[in-house]
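> What follows is upload.txt, made up of compact mmCIF, C-alpha atoms and all ligand atoms:
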```txt
# COMPACT_ATOMS: atom_id res chain seq x y z
CA MET X 712 -29.46 -23.47 16.03
CA ARG X 713 -29.72 -20.26 14.12
CA LEU X 714 -27.48 -17.24 13.71
CA SER X 715 -30.20 -14.79 14.48
CA GLY X 716 -30.86 -12.09 11.93
CA LEU X 717 -28.85 -13.67 9.12
CA LYS X 718 -30.48 -14.99 5.98
CA ASN X 719 -29.47 -18.41 4.65
CA PHE X 720 -27.44 -17.07 1.75
CA GLU X 721 -25.65 -14.70 4.12
CA ILE X 722 -24.72 -17.63 6.33
CA LYS X 723 -23.33 -19.43 3.28
CA VAL X 724 -21.25 -16.43 2.20
CA LEU X 725 -20.17 -15.89 5.76
CA ALA X 726 -18.97 -19.50 6.03
CA GLU X 727 -17.07 -19.15 2.76
CA ARG X 728 -15.46 -15.92 3.86
CA CYS X 729 -14.44 -17.38 7.19
CA ARG X 730 -13.20 -20.50 5.42
CA VAL X 731 -15.17 -22.74 7.74
CA ASN X 732 -18.05 -25.07 7.04
CA ILE X 733 -21.57 -24.12 8.03
CA GLY X 734 -21.49 -26.60 10.93
CA GLU X 735 -18.46 -24.87 12.42
CA LEU X 736 -20.07 -21.51 11.88
CA LEU X 737 -23.13 -22.51 13.80
CA ASN X 738 -20.87 -23.02 16.79
CA LEU X 739 -20.65 -19.25 16.85
CA SER X 740 -23.80 -19.41 18.91
CA SER X 741 -21.70 -20.76 21.75
CA LEU X 742 -19.67 -17.55 21.79
CA PRO X 743 -20.54 -14.75 24.19
CA LYS X 744 -23.35 -12.60 22.80
CA LEU X 745 -21.26 -9.44 22.41
CA ILE X 746 -18.56 -11.15 20.35
CA ARG X 747 -21.17 -13.01 18.29
CA ASN X 748 -22.99 -9.78 17.50
CA THR X 749 -19.79 -8.07 16.44
CA ILE X 750 -18.84 -10.93 14.14
CA GLN X 751 -22.32 -11.06 12.71
CA LYS X 752 -22.39 -7.32 12.09
CA LYS X 753 -19.05 -7.36 10.30
CA LEU X 754 -19.79 -10.39 8.18
CA LYS X 755 -23.25 -9.17 7.23
CA ARG X 756 -21.59 -6.41 5.26
CA LEU X 757 -20.76 -8.51 2.25
CA ASP X 758 -18.45 -5.85 0.82
CA TYR X 759 -16.17 -6.21 3.79
CA PRO X 760 -12.76 -7.09 2.31
CA LEU X 761 -11.65 -10.65 2.87
CA ALA X 762 -8.14 -9.35 3.70
CA TYR X 763 -9.52 -7.55 6.76
CA SER X 764 -11.51 -10.58 7.90
CA ARG X 765 -8.44 -12.80 7.62
CA GLY X 766 -5.91 -10.17 8.74
CA PHE X 767 -3.61 -10.75 5.81
CA CYS X 768 -3.23 -10.29 2.07
CA PHE X 769 -0.76 -11.29 -0.62
CA PHE X 770 1.51 -9.08 -2.71
CA MET X 771 4.16 -10.47 -5.09
CA ASN X 772 3.32 -13.88 -3.56
CA TYR X 773 4.40 -12.70 -0.12
CA LYS X 774 1.95 -12.73 2.75
CA PHE X 775 1.46 -9.40 4.53
CA PHE X 776 -0.30 -8.59 7.73
CA VAL X 777 -3.03 -5.99 7.12
CA SER X 778 -5.41 -4.56 9.67
CA ASN X 779 -8.66 -2.71 9.35
CA GLY X 780 -7.91 0.94 8.57
CA VAL X 781 -4.86 0.17 6.43
CA PHE X 782 -4.89 0.15 2.62
CA ILE X 783 -4.87 -3.34 1.07
CA PRO X 784 -2.12 -3.53 -1.59
CA ARG X 785 -3.40 -4.09 -5.12
CA PRO X 786 -2.05 -6.63 -7.61
CA GLU X 787 -1.60 -4.00 -10.35
CA THR X 788 0.97 -2.20 -8.17
CA GLU X 789 3.23 -5.22 -8.65
CA THR X 790 4.03 -3.56 -12.01
CA LEU X 791 6.24 -1.09 -10.11
CA ILE X 792 8.13 -3.81 -8.27
CA GLU X 793 8.71 -5.88 -11.40
CA PHE X 794 10.03 -2.78 -13.14
CA ALA X 795 12.31 -1.93 -10.19
CA LEU X 796 13.71 -5.46 -10.21
CA ASN X 797 14.65 -5.19 -13.87
CA GLU X 798 16.40 -1.86 -13.37
CA ALA X 799 18.15 -2.56 -10.05
CA SER X 800 21.31 -4.07 -11.56
CA HIS X 801 22.76 -0.52 -11.96
CA PHE X 802 23.11 -0.34 -8.22
CA TRP X 803 24.82 -3.68 -7.60
CA PRO X 804 25.78 -4.71 -4.94
CA GLN X 805 24.21 -2.19 -2.57
CA VAL X 806 20.85 -0.46 -2.92
CA LYS X 807 18.90 2.01 -0.83
CA ILE X 808 15.11 1.90 -1.07
CA LEU X 809 12.63 4.49 0.16
CA ASP X 810 8.88 3.82 0.23
CA VAL X 811 6.80 6.95 0.81
CA CYS X 812 3.12 6.36 1.67
CA ALA X 813 4.02 2.76 2.46
CA GLY X 814 0.70 1.39 3.87
CA THR X 815 1.46 -2.19 4.92
CA GLY X 816 5.01 -1.80 3.62
CA ALA X 817 4.31 -4.49 1.01
CA LEU X 818 6.01 -2.67 -1.89
CA ALA X 819 9.33 -1.98 -0.19
CA ILE X 820 9.37 -5.28 1.67
CA ALA X 821 8.63 -7.38 -1.43
CA LEU X 822 11.30 -5.48 -3.38
CA THR X 823 13.80 -5.88 -0.55
CA LEU X 824 13.17 -9.62 -0.32
CA GLU X 825 13.49 -10.11 -4.07
CA LEU X 826 16.72 -8.08 -4.23
CA LYS X 827 18.17 -9.96 -1.28
CA LYS X 828 17.47 -13.22 -3.13
CA LYS X 829 19.68 -11.85 -5.93
CA GLY X 830 22.46 -11.15 -3.44
CA PHE X 831 22.00 -7.39 -2.99
CA ILE X 832 22.68 -5.64 0.30
CA VAL X 833 19.54 -3.61 0.85
CA GLU X 834 18.78 -0.71 3.14
CA THR X 835 15.05 -0.02 3.41
CA THR X 836 13.28 3.08 4.68
CA LEU X 837 9.50 3.33 4.92
CA ILE X 838 7.25 6.30 5.68
CA ASP X 839 3.55 6.59 6.37
CA LYS X 840 1.57 9.15 8.28
CA SER X 841 -1.00 6.72 9.64
CA THR X 842 -0.31 5.13 13.03
CA ARG X 843 -2.11 1.94 12.02
CA ALA X 844 -0.07 1.68 8.84
CA VAL X 845 3.17 2.17 10.76
CA ARG X 846 2.14 -0.63 13.12
CA CYS X 847 1.49 -2.92 10.12
CA ILE X 848 4.83 -2.00 8.55
CA CYS X 849 6.71 -2.84 11.76
CA LYS X 850 4.95 -6.16 12.06
CA ASN X 851 5.66 -7.08 8.44
CA LEU X 852 9.33 -6.08 8.72
CA GLN X 853 9.57 -8.27 11.78
CA VAL X 854 7.88 -11.24 10.11
CA TYR X 855 10.41 -11.10 7.26
CA ASN X 856 13.30 -10.31 9.60
CA ILE X 857 14.33 -7.21 7.65
CA LEU X 858 16.79 -5.75 10.11
CA ASN X 859 18.45 -3.13 7.92
CA SER X 860 15.36 -0.93 7.90
CA ARG X 861 13.81 2.21 9.38
CA VAL X 862 10.22 3.32 9.69
CA PHE X 863 9.03 6.92 10.03
CA LYS X 864 5.57 8.12 10.95
CA ALA X 865 5.53 11.35 9.00
CA ASP X 866 3.74 13.55 6.54
CA LEU X 867 5.80 12.64 3.46
CA PHE X 868 9.49 13.35 4.16
CA PRO X 869 10.47 13.64 7.84
CA ARG X 870 12.63 16.63 8.85
CA ASN X 871 15.55 14.47 9.94
CA LEU X 872 15.80 12.58 6.64
CA ASN X 873 18.84 14.07 4.89
CA GLU X 874 20.11 11.43 2.51
CA SER X 875 19.58 10.04 -0.95
CA PHE X 876 18.01 6.82 -2.18
CA ASP X 877 18.42 4.71 -5.31
CA ILE X 878 14.83 3.54 -5.68
CA ILE X 879 11.98 5.66 -4.35
CA LEU X 880 8.56 4.01 -4.42
CA CYS X 881 5.37 5.98 -3.99
CA ASN X 882 1.76 4.89 -4.28
CA PRO X 883 0.02 7.82 -2.60
CA PRO X 884 -3.68 8.65 -2.30
CA TYR X 885 -4.73 9.98 -5.71
CA LEU X 886 -8.48 9.48 -6.12
CA LYS X 887 -11.03 12.27 -6.36
CA LYS X 888 -13.66 12.33 -3.64
CA THR X 889 -16.32 11.25 -6.17
CA ASP X 890 -14.31 8.08 -6.96
CA PHE X 891 -14.64 6.91 -3.37
CA ARG X 892 -17.51 4.48 -3.82
CA GLY X 893 -18.29 0.76 -3.89
CA SER X 894 -16.30 -1.74 -1.86
CA ILE X 895 -13.27 0.59 -1.48
CA ARG X 896 -15.37 2.49 1.05
CA GLU X 897 -14.38 -0.17 3.55
CA GLU X 898 -10.79 1.13 3.32
CA PRO X 899 -9.55 4.35 4.92
CA ILE X 900 -10.54 7.39 2.85
CA ARG X 901 -7.29 9.19 3.68
CA ALA X 902 -5.30 6.37 2.10
CA LEU X 903 -7.17 6.69 -1.17
CA VAL X 904 -8.55 10.18 -1.67
CA ALA X 905 -6.59 13.43 -1.90
CA LYS X 906 -7.69 17.05 -2.14
CA GLU X 907 -7.25 19.06 -5.35
CA ASN X 908 -9.02 16.37 -7.41
CA GLY X 909 -6.53 13.76 -6.22
CA PHE X 910 -3.38 15.82 -6.84
CA TYR X 911 -2.65 17.17 -3.33
CA THR X 912 -0.26 14.48 -2.00
CA ILE X 913 1.46 13.89 -5.34
CA ARG X 914 2.02 17.65 -5.76
CA ARG X 915 3.66 17.93 -2.33
CA PHE X 916 5.70 14.76 -2.96
CA LEU X 917 7.01 16.00 -6.34
CA ILE X 918 8.05 19.39 -4.97
CA ARG X 919 10.38 17.76 -2.41
CA VAL X 920 11.41 14.37 -3.78
CA ARG X 921 14.28 15.62 -5.97
CA ASN X 922 16.39 16.24 -2.81
CA PHE X 923 16.29 12.52 -2.02
CA ILE X 924 17.31 10.86 -5.31
CA SER X 925 20.81 9.43 -5.62
CA GLU X 926 22.91 10.12 -8.70
CA ASN X 927 21.53 7.25 -10.81
CA GLY X 928 18.42 6.84 -8.76
CA PHE X 929 14.81 6.88 -9.90
CA ILE X 930 11.30 7.29 -8.55
CA LEU X 931 8.46 4.90 -9.32
CA LEU X 932 5.10 6.56 -8.89
CA GLU X 933 1.58 5.16 -9.20
CA SER X 934 -1.13 7.60 -10.12
CA SER X 935 -4.40 7.95 -11.89
CA ASN X 936 -4.44 8.70 -15.64
CA HIS X 937 -6.40 11.88 -15.00
CA LEU X 938 -3.44 13.37 -13.09
CA VAL X 939 -0.75 12.68 -15.69
CA PRO X 940 -0.90 16.14 -17.36
CA ASN X 941 -0.54 17.84 -13.92
CA ILE X 942 2.33 15.53 -12.99
CA LYS X 943 4.17 16.18 -16.28
CA LYS X 944 3.80 19.93 -15.89
CA LEU X 945 5.04 19.96 -12.30
CA CYS X 946 7.93 17.59 -13.09
CA GLU X 947 9.06 19.97 -15.81
CA ASP X 948 9.00 22.82 -13.30
CA VAL X 949 11.03 20.94 -10.68
CA GLY X 950 13.47 19.33 -13.13
CA LEU X 951 12.27 15.74 -13.26
CA VAL X 952 11.98 13.65 -16.42
CA VAL X 953 8.83 11.54 -16.72
CA GLU X 954 8.60 8.19 -18.49
CA GLN X 955 5.39 6.17 -18.58
CA ILE X 956 6.03 2.52 -17.74
CA ASP X 957 2.51 1.21 -18.09
CA SER X 958 -1.15 2.06 -17.76
CA LEU X 959 -3.84 -0.34 -16.58
CA LEU X 960 -7.55 0.28 -15.87
CA GLY X 961 -7.13 4.03 -15.42
CA VAL X 962 -4.03 3.58 -13.28
CA CYS X 963 -0.73 4.90 -14.53
CA PHE X 964 2.83 3.84 -13.58
CA LEU X 965 5.58 6.41 -14.02
CA LYS X 966 9.35 6.47 -13.75
CA LEU X 967 10.85 9.83 -12.78
CA THR X 968 14.52 10.76 -12.96
CA ALA X 969 16.46 13.89 -12.12
C1 LIG A 1 -3.00 4.19 -1.62
S1 LIG A 1 -2.28 3.81 -0.05
C2 LIG A 1 -0.87 2.89 -0.65
C3 LIG A 1 -0.19 2.04 0.36
C4 LIG A 1 0.96 1.20 -0.22
N1 LIG A 1 1.94 2.03 -0.86
C5 LIG A 1 0.42 0.19 -1.22
O1 LIG A 1 0.51 0.39 -2.42
O2 LIG A 1 -0.12 -0.83 -0.76
C6 LIG A 1 -1.62 5.37 0.44
C7 LIG A 1 -0.90 5.39 1.78
O3 LIG A 1 -0.37 6.71 1.97
C8 LIG A 1 -0.51 7.11 3.30
N2 LIG A 1 -0.48 8.58 3.28
C9 LIG A 1 -1.44 9.43 2.86
N3 LIG A 1 -1.02 10.69 2.93
C10 LIG A 1 0.26 10.64 3.40
C11 LIG A 1 1.23 11.63 3.70
N4 LIG A 1 0.98 12.92 3.52
N5 LIG A 1 2.43 11.24 4.19
C12 LIG A 1 2.69 9.92 4.41
N6 LIG A 1 1.80 8.94 4.14
C13 LIG A 1 0.61 9.29 3.64
C14 LIG A 1 -1.81 6.48 3.75
O4 LIG A 1 -1.84 6.34 5.16
C15 LIG A 1 -1.77 5.14 3.00
O5 LIG A 1 -1.17 4.15 3.80
```
Once you've parsed the file, please lay out its structure as structure tokens.

Amino acid sequence: MRLSGLKNFEIKVLAERCRVNIGELLNLSSLPKLIRNTIQKKLKRLDYPLAYSRGFCFFMNYKFFVSNGVFIPRPETETLIEFALNEASHFWPQVKILDVCAGTGALAIALTLELKKKGFIVETTLIDKSTRAVRCICKNLQVYNILNSRVFKADLFPRNLNESFDIILCNPPYLKKTDFRGSIREEPIRALVAKENGFYTIRRFLIRVRNFISENGFILLESSNHLVPNIKKLCEDVGLVVEQIDSLLGVCFLKLTA
């Protein structure tokens, strides 16, 4: 039997991606035509991220549910979490985490789980403006049984959020429109690209974030190298001190304090 329309090498890749052997894959032909066509269409696009096909991804060795339309967390962003873990002792034994632009929630959830392992009492708040992302966050919080948590569907800071946090994480959209090419085009453009050459969301975040930092708290921000001069200038204007933690492949990791 043949999976109509697919070339041999595509069938091989498809089998690999589905983690089944070719024999099992050929059983697809026993599926109803509509479902078979949908599967075939999706898998024919070889750029289609494996995380979407499987419905999960890994971040800091934790498994996270991720659905189509939600940003897939990147391994380089683990830099922020490792940094936060090294600095968290100041807050012992209780720490409040805020993740703005949370996506799957992987950053805040991984940090929460690691801090809990060290005996911290953690309160976790997550915000995203995408409905799909919020759904993913809720599912992931449930999987890891993180009860002391809140999720907001909001454009950056919701109106009814009037408190301060010790660790504020933010990996917002920061690419320029022209950078939206290659396999990342399978991910939602609004999660990756921002107006003003990538600065739009970061600019709005920086203008307001100072109101939400606790006395010894800090912000960990991921950005692109090309935005660092703009970020430094705006931080100076709003009274935030910028420290560069690391820079990898054009991506920059910053610590901001009041
Ligand atoms: C680059 S993704 C990062 C997701 C997650 N922090 C991570 O590193 O895996 C950016 C996320 O910001 C969300 N987002 C974009 N603009 C936003 C806004 N104005 N307010 C809240 N969330 C926003 C998108 O929906 C997306 O989930």
> Write out as a list in words the residues lying within 12 Å of Glu825 (chain X), counting only C-alpha atoms and excluding same-chain residues fewer than 5 positions away.
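Non-adjacent residues within range: Met771, Asn772, Tyr773, Ile792, Glu793, Ala795, Leu796, Asn797, Ala799, Ala817, Leu818, Ala819, Ile820, Gly830, Phe831, Ile832, Val833 and Tyr855 of chain X.
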> Can you pull out every residue with an atom within 7 Å of ligand LIG 1 (chain A)? Use all atoms listed in the file and format it as a PyMOL selection string.
chain X and resi 781-785+788+811-818+838-841+844+865-867+881-884+901-903+912
> Taking all listed atoms of region 810-817 of chain X, build the axis-aligned box, pad each of the six sides by 3 Å, then write its centre and edge lengths in Å to one decimal as AutoDock Vina command-line options.

```
--center_x 4.8 --center_y 1.2 --center_z 2.6 --size_x 14.2 --size_y 17.4 --size_z 10.7
```
> So which residues touch Phe910 (chain X) within 9 Å, counting all atoms listed in the file, skipping near sequence neighbours fewer than 2 positions away, as an MDAnalysis selection string?
chainID X and resid 884:887 905:908 912:915 938 941:942
> For a test of reading the model, state the distance in Å between CA of Ile895 (chain X) and CA of Thr790 (chain X), rounded to one decimal.
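The value is 20.7 Å.
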> Go through X:Leu858, X:Arg921, X:Leu932, X:Ala969 one by one, measure the shortest atom-to-atom distance of each to Asp957 (chain X) using all atoms listed in the file, and give the residue with the smallest value.
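Result for the nearest residue to Asp957 (chain X): X:Leu932.
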> Can you pull out every residue within 8 Å of Lys966 (chain X), counting only C-alpha atoms, but drop anything in the same chain fewer than 3 positions away, and send it as number ranges by chain?
X: 929-932, 953-956
> Expressed in Å to a single decimal, how great is the separation between CA of Phe767 (chain X) and CA of Cys847 (chain X)?
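About the pair CA of Phe767 (chain X) and CA of Cys847 (chain X): they are 10.3 Å apart.
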> How many Å separate CA of Leu826 (chain X) from CA of Ser800 (chain X)?
9.5 Å
> Choose the residue, out of X:Val939, X:Leu809, X:Leu880, X:Val777, that has the smallest atom-to-atom separation from Ile848 (chain X); count all atoms listed in the file.
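Of X:Val939, X:Leu809, X:Leu880, X:Val777, the one nearest Ile848 (chain X) is X:Val777, counting all atoms listed in the file.
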> Compare X:Lys944, X:His937, X:Ser860, X:Thr823 by their minimum atom-to-atom distance to Gly961 (chain X), counting only C-alpha atoms, and give me the closest one.
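Looking only at the distances to Gly961 (chain X), the closest residue turns out to be X:His937.
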> Which one is closest to Asp948 (chain X): X:Leu965, X:Ile924, X:Cys768, X:Ile918? Count only C-alpha atoms.
X:Ile918
> Closest to Arg843 (chain X) among X:Ser894, X:Asn779, X:Asn871, X:Asn856, using all atoms listed in the file?
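Residue with the minimum atom-to-atom distance to Arg843 (chain X): X:Asn779.
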